[in-house]
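Accompanying notes for the structure given below.
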Protein chains: 6
Amino acid sequence: GELQEECARDQTVLLQANIDNQSGELLGYSMTRLLDKGALDVFYTPIYMKKNRPATMLSVLIKPEDEQKITKIILAETTTLGVRAFRCPRYVMRRDFKSVETKFGAIKIKHSFLNDIEKYTPEYEECASLATKHQVPLREVYDAANYCILNQQWSNISK
Amino acid sequence: GELQEECARDQTVLLQANIDNQSGELLGYSMTRLLDKGALDVFYTPIYMKKNRPATMLSVLIKPEDEQKITKIILAETTTLGVRAFRCPRYVMRRDFKSVETKFGAIKIKHSFLNDIEKYTPEYEECASLATKHQVPLREVYDAANYCILNQQWSNISK
Amino acid sequence: GELQEECARDQTVLLQANIDNQSGELLGYSMTRLLDKGALDVFYTPIYMKKNRPATMLSVLIKPEDEQKITKIILAETTTLGVRAFRCPRYVMRRDFKSVETKFGAIKIKHSFLNDIEKYTPEYEECASLATKHQVPLREVYDAANYCILNQQWSNISK
Amino acid sequence: GELQEECARDQTVLLQANIDNQSGELLGYSMTRLLDKGALDVFYTPIYMKKNRPATMLSVLIKPEDEQKITKIILAETTTLGVRAFRCPRYVMRRDFKSVETKFGAIKIKHSFLNDIEKYTPEYEECASLATKHQVPLREVYDAANYCILNQQWSNISK
Amino acid sequence: GELQEECARDQTVLLQANIDNQSGELLGYSMTRLLDKGALDVFYTPIYMKKNRPATMLSVLIKPEDEQKITKIILAETTTLGVRAFRCPRYVMRRDFKSVETKFGAIKIKHSFLNDIEKYTPEYEECASLATKHQVPLREVYDAANYCILNQQWSNISK
Amino acid sequence: GELQEECARDQTVLLQANIDNQSGELLGYSMTRLLDKGALDVFYTPIYMKKNRPATMLSVLIKPEDEQKITKIILAETTTLGVRAFRCPRYVMRRDFKSVETKFGAIKIKHSFLNDIEKYTPEYEECASLATKHQVPLREVYDAANYCILNQQWSNISK
Ligand code: NI
Ligand code: NI
Ligand code: NI
Ligand code: NI
Ligand code: NI
Ligand code: NI
Ligand code: NI
Ligand code: NI
Ligand code: NI
Ligand code: NI
Ligand code: NI
Ligand code: NI
């Protein structure tokens with residue numbers, strides 16, 4: 001069987017704009033706004049533009065049906081005068097959720113899979129709030145979650 | 001009405017090349033050459049390549065009809081052996097120009113608009129030469145230009 | 001008069017750690033923790049380490065009396081085994097606060113000064129919450145605040 | 001004649017994945033794996049993601065026929081749950097190989113050409129092993145190779 | 001007790017050079033050379049220099065007694081004409097080594113500690129060679145190593 | 001003999017400021033101003049600050065006697081409220097100038113030396129203006145200059 005059939009595959013659009021006349025302070029706000037309005041992902045890449053300008057490339061990954069709406073938000077919130085649009089297919093692993101019970105409390109686990117590939121990712125927000133509540137380093141909460149996951153998978157084969 | 005109808009939309013090509021065997025000194029010169037030859041935008045992105053190489057990705061945004069001409073310049077001016085070409089539509093705001101009279105002198109303003117989105121951008125070169133001439137920080141010249149713009153828009157509504 | 005006398009000058013310590021075996025997810029949390037615990041500033045720099053590793057340098061600016069406390073937090077929260085400490089003087093502008101009344105509401109302004117240098121900075125958090133409340137782009141709120149500031153300074157000299 | 005006819009032109013696919021929950025240590029290993037499995041090029045770009053996360057964008061340039069195979073490796077080796085695929089033509093210079101005899105030994109030279117554009121690139125691995133063997137700086141070995149190349153081209157026209 | 005007494009503290013020197021006239025290819029080689037000659041750490045930071053030059057800052061962390069030797073290597077191997085030297089104390093966690101037995105084989109673990117802070121880090125080279133040997137993703141080998149570590153620490157307290 | 005005696009060694013100061021509320025456009029201008037006012041070097045490093053802000057670290061290398069003057073310019077030209085100062089010794093190679101006669105015209109060469117280390121660097125501005133004048137790629141002018149240098153050094157030993 002082909003990978004296309006085996007794993008979910010969707011169409012996405014990557015919007016890009018180069019920004020050399022807006023401050024980082026305003027760009028930090030734009031990221032939040034774009035995520036609130038339905039962007040799948042928002043990220044910044046440092047770039048170097050003409051006239052010795054350290055600048056920032058804004059990238060926004062969206063569903064094709066949001067192209068109009070999100071482009072308008074980028075044009076309204078940022079100083080850019082132009083937005084490039086790249087249409088691209090995206091391979092995505094299927095996913096469901098599990099929960100593990102750690103000494104810090106229950107933690108939701110994202111379980112993603114594709115044929116023989118299987119991954120488990122503790123949910124960041126839950127781990128972060130447990131770390132803050134128990135005043136322990138975040139990596140200890142992740143360790144606790146990962147231990148529970150591995151315990152189910154590995155305990156019978158590892159010495 | 002759709003955004004496609006409302007704002008100017010054109011086709012552009014984004015050319016990319018990864019460069020790990022040329023110095024920053026030569027790349028600085030290439031940027032100038034490419035802009036002189038009609039590139040719409042040229043920018044550099046820091047990347048990390050194999051064998052522990054800090055490298056640079058050259059990106060050149062062009063009009064579709066310049067694809068042949070600009071690709072040849074990239075191949076001639078840089079050490080790269082390959083140039084990738086991405087065709088992408090670009091949403092652009094319509095624009096015209098205004099002028100404001102500041103205490104430092106007249107400054108050209110780019111006025112861009114799209115439905116209810118409207119932006120005013122003082123022209124960099126004019127601001128920079130006035131700042132140098134008057135020996136004041138550039139941000140003071142921008143402040144003066146922005147004040148004039150806002151004065152026309154805001155004075156009646158702001159206390 | 002010397003600059004040392006004219007502007008506030010204090011001693012700071014810049015702590016640095018290179019991190020190649022921790023995820024960005026955990027580093028995002030560390031930033032929050034360090035700021036909560038009294039760090040003056042926390043920032044990340046992308047670096048390239050041996051064995052083709054894209055990595056991150058954590059920098060934490062602190063008051064000298066917090067060197068012990070913050071170093072312990074870095075060692076506890078991150079995977080790094082070593083923290084470098086640079087002692088350096090810092091020139092800082094004196095500052096006080098003002099308030100301006102805009103059409104979106106009152107906004108606090110940081111006023112910083114040093115001899116003939118004077119700067120006004122609208123407070124980010126207040127601007128951001130007004131932009132969200134009024135559902136306008138953040139740059140419009142900044143424009144409103146800057147207009148009020150400039151109005152007091154410039155209106156009599158600008159045409 | 002058009003550039004398409006003059007230089008080799010092939011189709012490539014650029015795969016991209018944003019990674020915020022994997023360490024640089026593991027990403028360094030992934031680069032090696034992907035190159036071993038047939039990727040044409042692998043590189044990392046520093047990006048900034050939501051929740052204050054310093055992150056890394058993995059880019060893998062591949063032949064179209066490897067899209068399924070390499071996507072599976074990315075999903076297996078990294079923590080990403082999604083891979084974007086951009087199809088793009090690539091202009092490539094034709095190439096053949098030459099050899100020059102330097103005082104450090106023979107060095108292979110990549111000769112690339114396209115109409116009036118002609119470039120010569122000493123092979124890195126051979127230069128590096130000669131520099132290590134002779135315990136001289138690598139730039140001296142490159143100088144020796146470049147001198148030999150230029151000697152054939154330039155000696156009769158340079159004073 | 002003070003942190004200085006509790007954890008090892010040593011003196012290091014951070015050497016820095018800005019490089020805008022050397023290729024990434026040569027810089028990759030320099031990293032290897034410097035590590036071979038006793039540098040504690042070598043890393044590259046992307047910087048933007050005058051005249052639109054994308055450039056690289058080379059940083060080399062060394063023991064104070066190697067300042068002369070390593071500076072000479074930097075001047076010989078790179079094109080830079082100047083090397084800055086910052087002397088700085090470094091806080092380092094004490095460390096010893098353990099070994100765990102996983103289903104892939106034995107893996108060495110770096111154990112670092114400072115009062116109530118304790119960290120365990122599987123050795124990269126051993127994990128990488130086991131992943132290659134068993135043809136499994138590297139993260140599975142790390143998972144196996146971490147599981148063994150956590151099993152000793154956590155099994156009695158986690159459900 | 002020690003390296004300190006063998007090569008010129010001077011004292012420099014590295015000034016640093018983190019900037020998250022100023023545009024790249026203004027920072028490009030600041031670089032030019034600082035170089036005009038006597039800075040030895042000015043460069044930008046991309047950093048990631050709190051609240052999801054892509055930001056820029058400004059670094060200015062200066063002579064110790066310019067610390068007051070240049071700090072004032074940074075505070076006046078940029079929005080930063082604080083400037084860190086690191087004092088550091090710098091190892092510098094001694095240098096003099098030569099000239100070579102190429103087919104494009106005479107080119108000045110920087111000759112730097114330290115014991116057995118010797119480097120030759122064609123002057124960028126002269127090469128760039130010859131490349132523009134002759135309408136050839138800049139790398140051809142560098143090749144011509146390097147060939148002349150190497151011809152004097154290598155011709156008798158290379159085959
Ligand atoms: Ni512009
Ligand atoms: Ni499941
Ligand atoms: Ni609990
Ligand atoms: Ni190559
Ligand atoms: Ni108009
Ligand atoms: Ni390590
Ligand atoms: Ni005041
Ligand atoms: Ni995520
Ligand atoms: Ni230079
Ligand atoms: Ni132990
Ligand atoms: Ni701030
Ligand atoms: Ni000489």
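Labeling convention for the structure tokens: chains A, B, ... as they appear, residues from 1 per chain, ligands from 1 in order of appearance.
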request  = Using only C-alpha atoms, find which residues of chain D lie within 9 Å of chain C and jot them down as a ChimeraX atom specification.
outcome  = /D:19-29,31-32,44-47,49-56
Could you make a table, as JSON lines, of the residues of chain A that have an atom within 10 Å of an atom of ligand 2, each with its nearest atom pair and distance in Å to one decimal, counting only C-alpha atoms and all ligand atoms, in chain and number order?
{"residue": "A:Arg94", "atom": "CA", "partner": "ligand 2", "partner_atom_place_in_ligand_line": "1 (Ni)", "distance": 9.3}
{"residue": "A:Arg95", "atom": "CA", "partner": "ligand 2", "partner_atom_place_in_ligand_line": "1 (Ni)", "distance": 7.0}
{"residue": "A:Asp96", "atom": "CA", "partner": "ligand 2", "partner_atom_place_in_ligand_line": "1 (Ni)", "distance": 5.3}
{"residue": "A:Phe97", "atom": "CA", "partner": "ligand 2", "partner_atom_place_in_ligand_line": "1 (Ni)", "distance": 6.4}
{"residue": "A:Lys98", "atom": "CA", "partner": "ligand 2", "partner_atom_place_in_ligand_line": "1 (Ni)", "distance": 6.7}
{"residue": "A:Ile109", "atom": "CA", "partner": "ligand 2", "partner_atom_place_in_ligand_line": "1 (Ni)", "distance": 9.5}
{"residue": "A:Lys110", "atom": "CA", "partner": "ligand 2", "partner_atom_place_in_ligand_line": "1 (Ni)", "distance": 8.3}
{"residue": "A:His111", "atom": "CA", "partner": "ligand 2", "partner_atom_place_in_ligand_line": "1 (Ni)", "distance": 5.3}
{"residue": "A:Ser112", "atom": "CA", "partner": "ligand 2", "partner_atom_place_in_ligand_line": "1 (Ni)", "distance": 7.1}
{"residue": "A:Phe113", "atom": "CA", "partner": "ligand 2", "partner_atom_place_in_ligand_line": "1 (Ni)", "distance": 7.7}
{"residue": "A:Glu118", "atom": "CA", "partner": "ligand 2", "partner_atom_place_in_ligand_line": "1 (Ni)", "distance": 9.0}
{"residue": "A:Lys119", "atom": "CA", "partner": "ligand 2", "partner_atom_place_in_ligand_line": "1 (Ni)", "distance": 9.6}
{"residue": "A:Tyr120", "atom": "CA", "partner": "ligand 2", "partner_atom_place_in_ligand_line": "1 (Ni)", "distance": 9.0}
Given the selection you just returned, output its residues as a file containing N, CA, C and O atoms, formatted as an mmCIF file, in the first residue's frame.
data_model
loop_
_atom_site.group_PDB
_atom_site.id
_atom_site.type_symbol
_atom_site.label_atom_id
_atom_site.label_comp_id
_atom_site.auth_asym_id
_atom_site.auth_seq_id
_atom_site.Cartn_x
_atom_site.Cartn_y
_atom_site.Cartn_z
ATOM 1 N N ARG A 94 -2.193 9.851 11.675
ATOM 2 C CA ARG A 94 -3.485 9.784 12.352
ATOM 3 C C ARG A 94 -3.217 9.871 13.860
ATOM 4 O O ARG A 94 -2.134 9.553 14.326
ATOM 5 N N ARG A 95 -4.202 10.311 14.616
ATOM 6 C CA ARG A 95 -3.946 10.451 16.048
ATOM 7 C C ARG A 95 -5.203 10.216 16.881
ATOM 8 O O ARG A 95 -6.318 10.439 16.426
ATOM 9 N N ASP A 96 -4.984 9.755 18.099
ATOM 10 C CA ASP A 96 -6.053 9.713 19.089
ATOM 11 C C ASP A 96 -5.411 10.043 20.438
ATOM 12 O O ASP A 96 -4.225 10.359 20.498
ATOM 13 N N PHE A 97 -6.174 10.047 21.487
ATOM 14 C CA PHE A 97 -5.626 10.451 22.785
ATOM 15 C C PHE A 97 -5.777 9.353 23.830
ATOM 16 O O PHE A 97 -6.736 8.581 23.803
ATOM 17 N N LYS A 98 -4.803 9.310 24.702
ATOM 18 C CA LYS A 98 -4.818 8.388 25.827
ATOM 19 C C LYS A 98 -4.587 9.209 27.087
ATOM 20 O O LYS A 98 -4.305 10.402 27.019
ATOM 21 N N ILE A 109 -2.126 12.099 26.693
ATOM 22 C CA ILE A 109 -1.046 11.705 25.795
ATOM 23 C C ILE A 109 -1.582 11.686 24.371
ATOM 24 O O ILE A 109 -2.596 11.045 24.106
ATOM 25 N N LYS A 110 -0.903 12.374 23.450
ATOM 26 C CA LYS A 110 -1.290 12.286 22.053
ATOM 27 C C LYS A 110 -0.628 11.036 21.464
ATOM 28 O O LYS A 110 0.586 10.874 21.545
ATOM 29 N N HIS A 111 -1.431 10.163 20.897
ATOM 30 C CA HIS A 111 -0.927 8.939 20.296
ATOM 31 C C HIS A 111 -1.063 9.070 18.783
ATOM 32 O O HIS A 111 -2.157 9.219 18.261
ATOM 33 N N SER A 112 0.051 9.061 18.069
ATOM 34 C CA SER A 112 -0.007 9.194 16.614
ATOM 35 C C SER A 112 0.565 7.934 15.979
ATOM 36 O O SER A 112 1.481 7.319 16.514
ATOM 37 N N PHE A 113 0.011 7.560 14.827
ATOM 38 C CA PHE A 113 0.423 6.278 14.269
ATOM 39 C C PHE A 113 0.275 6.264 12.748
ATOM 40 O O PHE A 113 -0.521 6.994 12.173
ATOM 41 N N GLU A 118 4.818 4.594 15.410
ATOM 42 C CA GLU A 118 3.904 4.906 16.496
ATOM 43 C C GLU A 118 4.617 5.849 17.450
ATOM 44 O O GLU A 118 5.749 5.607 17.844
ATOM 45 N N LYS A 119 3.963 6.979 17.795
ATOM 46 C CA LYS A 119 4.603 7.936 18.689
ATOM 47 C C LYS A 119 3.629 8.391 19.766
ATOM 48 O O LYS A 119 2.429 8.472 19.522
ATOM 49 N N TYR A 120 4.162 8.691 20.944
ATOM 50 C CA TYR A 120 3.365 9.144 22.067
ATOM 51 C C TYR A 120 3.913 10.474 22.561
ATOM 52 O O TYR A 120 5.103 10.587 22.844
#
Within 7 Å of Cys148 of chain E using only C-alpha atoms, minus same-chain residues under 4 positions, as a PyMOL selection string = chain E and resi 100+144+152
Mind dumping the selected residues with N, CA, C and O atoms as a tab-separated table (two decimals), in the first residue's frame?
chain	number	residue	atom	x	y	z
E	100	VAL	N	23.31	1.24	31.85
E	100	VAL	CA	22.05	0.50	31.94
E	100	VAL	C	22.03	-0.55	30.84
E	100	VAL	O	22.69	-0.41	29.82
E	144	ALA	N	14.53	3.66	25.40
E	144	ALA	CA	14.91	2.45	26.13
E	144	ALA	C	15.86	2.79	27.28
E	144	ALA	O	15.72	2.28	28.40
E	152	GLN	N	14.53	2.58	37.75
E	152	GLN	CA	15.21	2.52	39.05
E	152	GLN	C	14.72	3.62	39.98
E	152	GLN	O	14.64	3.43	41.19
request  = Please provide as a ChimeraX atom specification all residues within 9 Å of segment 58-74 of chain A, with the sequence filter that same-chain residues fewer than 4 positions apart are discarded (counting only C-alpha atoms).
outcome  = /A:10-19,27,30-31,33-34,37-45,78-80,83,85,87 /B:2-4,91,114,117 /C:137
ask   = Quick one: distance from atom CA of Phe104 of chain F to atom CA of Lys133 of chain F in Å, one decimal?
value =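 Atom CA of Lys133 of chain F lies at a distance of 9.0 Å from atom CA of Phe104 of chain F.
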key: Per-residue DSSP, chain E, filtered to strand (DSSP E or B), as a VMD selection string   = chain E and resid 8 to 19 41 to 49 53 to 62 82 to 92 94 to 102 105 to 114 117 to 122
ask   = If you measure from atom CA of Val92 of chain B to atom CA of Glu140 of chain C, what distance in Å do you get, rounded to one decimal?
value =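 Atom CA of Val92 of chain B sits 20.4 Å away from atom CA of Glu140 of chain C.
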task = Would you kindly return, as a PyMOL selection string, each protein, DNA or RNA residue with an atom no farther than 12 Å from any atom of Lys108 of chain D, considering only C-alpha atoms and excluding same-chain residues fewer than 4 positions away?
result = chain D and resi 96-102+120-128+130+142+145-146+148-149
ask   = What are the DSSP helix (DSSP H, G or I) residues of segment 24-158 of chain B, as a PyMOL selection string?
value = chain B and resi 24-36+64-77+124-134+138-154
